[in-house]
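K.L.:
I'd like to ask some things about the structure below.
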Amino acid sequence: MITFMNNSDSEEEPCNERTSLMSAESPPVPSYQDGLQASEAGEAQAHRKRRTGSSRSPNNVADGDTSDSGVPVRESTLENEEEELTLKYGAKHVIMLFVPVTLCMIVVVATIKSVRFYTEKNGQLIYTPFSEDTPSVGQRLLNSVLNTIIMISVIVVMTVFLVLLYKYRCYKFIHGWLILSSLMLLFLFTYIYLGEVLKTYNVAMDYPTLILVIWNFGAVGMICIHWKGPLQLQQAYLIMISALMALVFIKYLPEWSAWVILGAISVYDLMAVLCPKGPLRMLVETAQERNEPIFPALIYSSAMIWTVGMAKPETAARGPSQQTWDAAEDGRENHRSPSHADCQVSETRSPVPTRPITSFEELEEEERGVKLGLGDFIFYSVLVGKAAATASGDWNTTLACFVAILIGLCLTLLLLAVFKKALPALPISITFGLIFYFSTDNLVRPFMDTLASHQLYI
Amino acid sequence: AFFWLVSLLLSSLIWFIAVKASDPRDEPLQKGLLIFGVMFSVLLQEAFRFLYYKLLRKAIEGLVALSEDGCSPISIQQMAYVAGVGFGLMSGAFSMINLLADALGPGTVGIHGDSQLYFLTSAFMTMVLIFLHTFWGILFFHGCEHRRWWEITAVVVMHLAVSGSTFWNPLYLGSLVPSYLLMATAAAWAYLLSGGSAQNLRRFLLCKS
């Protein structure tokens with residue numbers, strides 16, 4: 001998560017939250033297209049998603065740093081107001097993020113508990129080649145660690161690849177990559193999911209109806225995610241594809257590997273966001289230099305910027321609107337792992353050139369939603385889904401992990417508000433989630449079971 | 001909710017260690033350990049409620065310092081209520097959710113000679129506990145605010161009493177009735193502490209302005 005200090009520090013302006021129709025892609029802009037392609041590339045595959053997600057955190061961090069460096073004294077006077085506003089909106093932001101994360105987790109848990117397909121072991125991904133069906137514990141542990149190493153290195157390689165593509169402006173490639181990956185998600189995975197759900201509930205559906213349903217779902221999804229669409233529909237689609245992705249991971253990652261991967265990826269996220277040499281950081285810096293948005297449609301955003309229908313004349317506002325738009329988009333993009341307090345984003349996004357458009361920025365600034373990368377959704381849901389799938393049929397574990405993740409998210413947002421710097425959203429939540437999963441499964445479960453059998457209450 | 005969860009975690013850790021360190025075939029010892037576990041858990045829950053109070057106190061001071069007119073947007077009473085509800089909901093969820101999941105499946109209640117009212121009484125017991133946690137939250141925070149230690153000890157004693165009364169299950173008369181009586185007491189007490197009065201109540205019930 002990255003919170004950026006606004007260069008302008010124009011926090012005096014009243015912050016209103018406005019939600020409106022927002023095109024996921026900035027309409028007029030070639031530079032946006034570039035950014036779009038970049039984001040689409042990032043979106044190409046699940047792994048890419050994760051990568052871009054993680055890449056974003058460093059980006060965000062980078063952003064925060066660059067913008068922070070430019071901010072001298074003005075802050076001191078405005079600090080109080082800023083803090084107050086931040087705190088005031090902090091609670092709202094937290095709620096705005098709780099709802100989609102909860103929804104995603106609910107979808108994943110409901111599917112896991114009812115559709116048996118996702119808990120059956122049907123092979124593994126090529127990214128985790130080592131099997132866990134080994135006789136000894138040590139061997140199994142070794143295999144899972146090796147799987148994790150392979151998976152993480154694949155992620156790092158793809159992230160670096162993506163950053164290079166972005167740096168050398170191979171936007172068309174990224175664009176195509178992203179479109180291909182979201183196509184696959186929206187059509188293929190949905191088809192499989194729908195098939196399994198229908199099988200579970202023994203509902204017959206003929207192929208023409210199926211084709212109609214899937215085609216509509218997929219087409220509307222593509223439009224909503226990559227182009228314009230109602231905000232809530234876009235959010236719903238992003239939640240759905242995160243859930244689908246999480247389900248795929250839950251199915252195809254072997255047990256111990258999944259837990260080790262979760263741990264490793266939160267460490268990676270932490271390092272990628274807070275270390276100065278991460279690929280994500282470079283991505284963010286590059287995007288900032290070019291004043292382009294990066295990776296739209298890979299970030300869940302809870303409120304949108306109002307670019308259409310501004311009071312200013314379109315022609316005059318074209319240039320600045322692009323920039324601030326990009327600025328805001330950038331902030332959005334940069335959000336994959338890190339959650340991001342938007343209000344600070346747009347301003348930081350345009351550090352150097354865009355001072356003349358302050359008034360426009362103010363209007364842009366109205367958007368005070370908060371953004372969270374889709375990769376975060378996916379990993380939170382993977383944790384809770386795995387807990388639901390493998391915790392000896394116990395709902396307490398699932399509930400405990402759910403609460404732990406939400407509290408982690410809360411704390412992360414709090415830290416974000418306090419530090420006003422890009423922060424990764426994965427580490428705290430995943431750490432809490434892992435601690436609570438293992439402790440609830442092994443310690444609390446026998447206790448609660450014994451209490452329940454004697455009908456004792458504590 | 002999170003704080004309740006952590007307290008549950010710690011108390012089950014203690015119990016688990018105790019059980020593992022003891023002889024599993026020794027029935028009275030196990031029962032004794034269970035009783036010890038329950039009491040310890042109650043005490044730990046109240047301790048965590050206190051810790052939560054401390055945390056919220058700090059948060060309110062921070063909010064007051066930052067606000068424009070010197071008072072925080074959320075009062076300590078509201079926080080007390082929310083804390084109580086959080087504790088109650090978490091405790092209720094943990095008590096009931098496995099039960100509900102099993103209730104969906106096939107089975108007969110009490111086929112081995114246990115009480116057939118298991119689900120019903122569990123539901124009522126959970127409900128009374130959730131309410132009690134809410135009221136205890138208000139009482140506890142009020143006691144901490146005004147440094148009235150007897151209120152705090154009253155809450156702890158009530159909690160111990162309610163948990164202890166569940167040891168009389170399946171003699172449900174011994175557990176449900178005292179719990180409900182205690183709940184009524186706590187409700188009235190919390191209501192009075194929050195500024196209610198008989199007049200307010202009458203006005204509210206008769207829909208006077």
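Here, A, B, ... name the chains of the structure tokens in the order displayed, residue numbers run from 1 inside each chain, and ligands are numbered from 1 in the same displayed order.
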Could you list, with a cut-off of 7 Å and counting only C-alpha atoms, the residues of chain A near chain B, each shown with its nearest atom pair and the distance in Å rounded to one decimal, rows sorted by chain and ascending number, as JSON lines?

P.N.:
{"residue": "A:Asn80", "atom": "CA", "partner": "B:Leu66", "partner_atom": "CA", "distance": 6.8}
{"residue": "A:Glu84", "atom": "CA", "partner": "B:Leu66", "partner_atom": "CA", "distance": 5.8}
{"residue": "A:Asp394", "atom": "CA", "partner": "B:Asn98", "partner_atom": "CA", "distance": 6.7}
{"residue": "A:Trp395", "atom": "CA", "partner": "B:Asn98", "partner_atom": "CA", "distance": 5.9}
{"residue": "A:Asn396", "atom": "CA", "partner": "B:Phe94", "partner_atom": "CA", "distance": 5.9}
{"residue": "A:Val403", "atom": "CA", "partner": "B:Phe2", "partner_atom": "CA", "distance": 6.6}
{"residue": "A:Thr440", "atom": "CA", "partner": "B:Leu9", "partner_atom": "CA", "distance": 6.9}
{"residue": "A:Leu443", "atom": "CA", "partner": "B:Leu13", "partner_atom": "CA", "distance": 5.7}
{"residue": "A:Val444", "atom": "CA", "partner": "B:Ser12", "partner_atom": "CA", "distance": 5.3}
{"residue": "A:Phe447", "atom": "CA", "partner": "B:Ser12", "partner_atom": "CA", "distance": 5.9}
{"residue": "A:Gln455", "atom": "CA", "partner": "B:Asn169", "partner_atom": "CA", "distance": 6.4}
{"residue": "A:Leu456", "atom": "CA", "partner": "B:Thr166", "partner_atom": "CA", "distance": 5.2}
{"residue": "A:Tyr457", "atom": "CA", "partner": "B:Ser163", "partner_atom": "CA", "distance": 5.5}
{"residue": "A:Ile458", "atom": "CA", "partner": "B:Ser163", "partner_atom": "CA", "distance": 5.4}

K.L.:
Output all heavy atoms for every residue in that selection, as a compact mmCIF listing (two decimals), in the first residue's frame.

P.N.:
# COMPACT_ATOMS: atom_id res chain seq x y z
N ASN A 80 -1.90 18.81 10.83
CA ASN A 80 -3.03 18.49 11.69
C ASN A 80 -4.28 18.24 10.90
O ASN A 80 -5.00 17.28 11.11
CB ASN A 80 -3.27 19.64 12.67
CG ASN A 80 -2.79 19.26 14.04
OD1 ASN A 80 -2.31 18.16 14.23
ND2 ASN A 80 -2.90 20.18 14.98
N GLU A 84 -6.30 14.82 10.55
CA GLU A 84 -7.68 14.67 10.95
C GLU A 84 -8.51 14.11 9.82
O GLU A 84 -9.31 13.21 10.01
CB GLU A 84 -8.22 16.03 11.38
CG GLU A 84 -9.67 15.92 11.80
CD GLU A 84 -10.25 17.27 12.08
OE1 GLU A 84 -9.46 18.19 12.34
OE2 GLU A 84 -11.47 17.41 12.02
N ASP A 394 -13.84 -27.68 10.22
CA ASP A 394 -14.16 -26.82 11.33
C ASP A 394 -14.41 -25.40 10.85
O ASP A 394 -13.61 -24.84 10.12
CB ASP A 394 -12.96 -26.83 12.29
CG ASP A 394 -13.29 -26.24 13.62
OD1 ASP A 394 -14.48 -26.30 14.00
OD2 ASP A 394 -12.39 -25.73 14.26
N TRP A 395 -15.52 -24.83 11.25
CA TRP A 395 -15.81 -23.47 10.84
C TRP A 395 -15.10 -22.45 11.71
O TRP A 395 -14.91 -21.32 11.31
CB TRP A 395 -17.32 -23.20 10.91
CG TRP A 395 -18.04 -23.78 9.76
CD1 TRP A 395 -18.52 -25.04 9.64
CD2 TRP A 395 -18.36 -23.12 8.54
NE1 TRP A 395 -19.12 -25.21 8.44
CE2 TRP A 395 -19.05 -24.05 7.74
CE3 TRP A 395 -18.15 -21.83 8.06
CZ2 TRP A 395 -19.52 -23.73 6.48
CZ3 TRP A 395 -18.62 -21.51 6.80
CH2 TRP A 395 -19.30 -22.46 6.03
N ASN A 396 -14.75 -22.86 12.92
CA ASN A 396 -14.09 -21.90 13.80
C ASN A 396 -12.79 -21.41 13.22
O ASN A 396 -12.44 -20.24 13.33
CB ASN A 396 -13.80 -22.55 15.16
CG ASN A 396 -15.04 -22.64 16.00
OD1 ASN A 396 -16.02 -21.98 15.70
ND2 ASN A 396 -15.00 -23.44 17.04
N VAL A 403 -11.35 -13.19 10.63
CA VAL A 403 -11.18 -12.04 11.53
C VAL A 403 -9.73 -11.57 11.53
O VAL A 403 -9.46 -10.37 11.50
CB VAL A 403 -11.64 -12.40 12.96
CG1 VAL A 403 -11.29 -11.29 13.92
CG2 VAL A 403 -13.13 -12.63 12.98
N THR A 440 -5.52 -21.98 15.81
CA THR A 440 -6.90 -22.37 16.01
C THR A 440 -7.09 -23.84 15.67
O THR A 440 -7.78 -24.58 16.38
CB THR A 440 -7.85 -21.52 15.15
OG1 THR A 440 -7.51 -20.16 15.29
CG2 THR A 440 -9.27 -21.73 15.56
N LEU A 443 -4.92 -25.78 18.60
CA LEU A 443 -5.11 -25.53 20.01
C LEU A 443 -6.56 -25.28 20.37
O LEU A 443 -7.08 -25.85 21.32
CB LEU A 443 -4.29 -24.30 20.43
CG LEU A 443 -2.79 -24.43 20.26
CD1 LEU A 443 -2.13 -23.11 20.59
CD2 LEU A 443 -2.27 -25.51 21.16
N VAL A 444 -7.20 -24.41 19.59
CA VAL A 444 -8.54 -24.01 20.01
C VAL A 444 -9.55 -25.09 19.71
O VAL A 444 -10.50 -25.30 20.46
CB VAL A 444 -8.93 -22.69 19.31
CG1 VAL A 444 -10.33 -22.30 19.64
CG2 VAL A 444 -7.98 -21.60 19.73
N PHE A 447 -10.13 -27.68 22.40
CA PHE A 447 -10.73 -27.03 23.55
C PHE A 447 -12.22 -26.80 23.32
O PHE A 447 -13.06 -27.16 24.13
CB PHE A 447 -10.00 -25.71 23.81
CG PHE A 447 -10.38 -25.01 25.07
CD1 PHE A 447 -10.54 -25.71 26.26
CD2 PHE A 447 -10.58 -23.64 25.09
CE1 PHE A 447 -10.88 -25.06 27.43
CE2 PHE A 447 -10.91 -22.98 26.26
CZ PHE A 447 -11.06 -23.69 27.43
N GLN A 455 -21.31 -29.07 26.76
CA GLN A 455 -22.18 -27.91 26.71
C GLN A 455 -21.78 -26.87 27.76
O GLN A 455 -22.61 -26.31 28.46
CB GLN A 455 -23.65 -28.28 26.88
CG GLN A 455 -24.52 -27.38 26.07
CD GLN A 455 -25.96 -27.82 26.07
OE1 GLN A 455 -26.35 -28.71 26.81
NE2 GLN A 455 -26.75 -27.18 25.25
N LEU A 456 -20.49 -26.62 27.83
CA LEU A 456 -20.01 -25.58 28.72
C LEU A 456 -19.81 -24.31 27.92
O LEU A 456 -19.54 -24.37 26.74
CB LEU A 456 -18.65 -25.98 29.32
CG LEU A 456 -18.65 -27.24 30.15
CD1 LEU A 456 -17.23 -27.56 30.55
CD2 LEU A 456 -19.51 -27.06 31.37
N TYR A 457 -19.93 -23.21 28.60
CA TYR A 457 -19.75 -21.95 27.90
C TYR A 457 -18.70 -21.12 28.61
O TYR A 457 -18.63 -21.10 29.82
CB TYR A 457 -21.06 -21.17 27.84
CG TYR A 457 -21.96 -21.72 26.78
CD1 TYR A 457 -22.78 -22.80 27.05
CD2 TYR A 457 -21.97 -21.18 25.51
CE1 TYR A 457 -23.58 -23.33 26.08
CE2 TYR A 457 -22.78 -21.70 24.53
CZ TYR A 457 -23.58 -22.77 24.81
OH TYR A 457 -24.37 -23.29 23.85
N ILE A 458 -17.90 -20.45 27.80
CA ILE A 458 -16.92 -19.59 28.43
C ILE A 458 -17.23 -18.14 28.10
O ILE A 458 -17.90 -17.85 27.14
CB ILE A 458 -15.49 -19.91 27.93
CG1 ILE A 458 -15.46 -19.89 26.39
CG2 ILE A 458 -15.04 -21.23 28.44
CD1 ILE A 458 -14.06 -19.86 25.85

K.L.:
Within 8 Å of Val248 (chain A), counting only C-alpha atoms, which residues qualify if same-chain residues fewer than 4 places away don't, as a list of chain:residue names?

P.N.:
A:Tyr118, A:Leu244, A:Tyr252

K.L.:
Go ahead and compute the interatomic distance for CA of Leu104 (chain B) and CA of Leu132 (chain B), in Å to one decimal.

P.N.:
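Answer for the CA of Leu104 (chain B) to CA of Leu132 (chain B) separation: 27.6 Å.
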
K.L.:
By how many Å are CA of Gln234 (chain A) and CA of Val370 (chain A) apart?

P.N.:
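These atoms are spaced 14.8 Å apart.
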
K.L.:
Name the closest residue to Ile239 (chain A) among the candidates A:Pro135, A:Pro446, A:Pro100, A:Gly195; distances are taken between atoms, counting only C-alpha atoms.

P.N.:
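Smallest distance to Ile239 (chain A) is found for A:Pro100.
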
K.L.:
Using only C-alpha atoms, can you tell me which of A:Ile250, A:Ala272, A:Ile299, A:Ile174 comes closest to Leu426 (chain A)?

P.N.:
A:Ala272

K.L.:
Check the DSSP output for the backbone and give back, as a ChimeraX atom specification, the residues of region 33-85 of chain B in helix (DSSP H, G or I).

P.N.:
/B:33-66,76-85

K.L.:
Output C-alpha atoms for every residue in the selection just made, as a CSV table (one decimal), in the first residue's frame.

P.N.:
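Final output, saved to out_20.csv:
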chain,number,residue,atom,x,y,z
B,33,LEU,CA,-8.6,-29.5,34.0
B,34,LEU,CA,-11.6,-28.5,32.0
B,35,ILE,CA,-13.1,-26.5,34.8
B,36,PHE,CA,-9.7,-24.9,35.4
B,37,GLY,CA,-9.5,-24.2,31.6
B,38,VAL,CA,-12.9,-22.6,31.6
B,39,MET,CA,-12.3,-20.4,34.6
B,40,PHE,CA,-8.9,-19.3,33.3
B,41,SER,CA,-10.4,-18.5,30.0
B,42,VAL,CA,-13.0,-16.3,31.7
B,43,LEU,CA,-10.4,-14.4,33.6
B,44,LEU,CA,-8.3,-14.0,30.5
B,45,GLN,CA,-11.3,-12.7,28.6
B,46,GLU,CA,-11.9,-10.1,31.2
B,47,ALA,CA,-8.2,-9.2,31.2
B,48,PHE,CA,-8.4,-8.7,27.4
B,49,ARG,CA,-11.4,-6.6,27.8
B,50,PHE,CA,-9.4,-4.4,30.1
B,51,LEU,CA,-6.6,-4.2,27.6
B,52,TYR,CA,-9.0,-3.3,25.0
B,53,TYR,CA,-10.3,-0.5,27.2
B,54,LYS,CA,-6.8,0.8,27.6
B,55,LEU,CA,-6.3,0.8,23.8
B,56,LEU,CA,-9.6,2.6,23.2
B,57,ARG,CA,-8.8,5.1,25.8
B,58,LYS,CA,-5.6,6.0,24.0
B,59,ALA,CA,-7.5,6.1,20.7
B,60,ILE,CA,-10.0,8.5,22.2
B,61,GLU,CA,-7.3,10.8,23.5
B,62,GLY,CA,-5.8,10.8,20.0
B,63,LEU,CA,-9.1,11.6,18.4
B,64,VAL,CA,-9.7,14.4,20.9
B,65,ALA,CA,-6.4,15.9,20.3
B,66,LEU,CA,-7.0,15.9,16.6
B,76,ILE,CA,-16.5,6.1,25.3
B,77,GLN,CA,-19.9,4.7,25.9
B,78,GLN,CA,-20.4,4.0,22.2
B,79,MET,CA,-17.0,2.3,22.2
B,80,ALA,CA,-18.0,0.3,25.3
B,81,TYR,CA,-21.1,-0.9,23.5
B,82,VAL,CA,-19.2,-1.8,20.4
B,83,ALA,CA,-16.6,-3.6,22.3
B,84,GLY,CA,-19.2,-5.6,24.2
B,85,VAL,CA,-21.0,-6.5,21.0

K.L.:
Identify, on the basis of only C-alpha atoms, every residue whose closest approach to Ala188 (chain B) does not exceed 12 Å; exclude the query and any residue fewer than 5 positions from it along the same chain; express the result as a PyMOL selection string.

P.N.:
chain B and resi 132+135-136+138-139+181-183+193-198+201

K.L.:
As a list in words, please: the residues near Leu283 (chain A) (cut-off 7 Å, only C-alpha atoms, same-chain neighbours under 3 positions excluded).

P.N.:
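Those residues are Asn59, Val163, Pro279, Leu280, Thr286 and Ala287 of chain A.
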
K.L.:
Atoms to include: N, CA and C atoms. Write the selected residues as a compact mmCIF listing (two decimals), in the first residue's frame.

P.N.:
# COMPACT_ATOMS: atom_id res chain seq x y z
N ASN A 59 6.33 -0.29 -6.55
CA ASN A 59 6.09 0.93 -7.29
C ASN A 59 5.53 1.98 -6.38
N VAL A 163 8.22 -5.32 -16.10
CA VAL A 163 8.82 -4.00 -15.92
C VAL A 163 9.65 -3.62 -17.13
N PRO A 279 11.58 -4.57 -8.52
CA PRO A 279 11.04 -4.29 -9.85
C PRO A 279 9.78 -3.45 -9.80
N LEU A 280 8.99 -3.68 -8.77
CA LEU A 280 7.76 -2.91 -8.67
C LEU A 280 8.07 -1.44 -8.47
N THR A 286 8.94 4.51 -13.12
CA THR A 286 8.82 4.75 -14.56
C THR A 286 7.46 5.33 -14.88
N ALA A 287 6.45 4.75 -14.28
CA ALA A 287 5.11 5.25 -14.56
C ALA A 287 4.97 6.69 -14.12

K.L.:
For CA of Leu262 (chain A) and CA of Leu411 (chain A), determine how far apart the two atoms are, in Å to one decimal place.

P.N.:
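Interatomic distance, CA of Leu262 (chain A) to CA of Leu411 (chain A): 18.9 Å.
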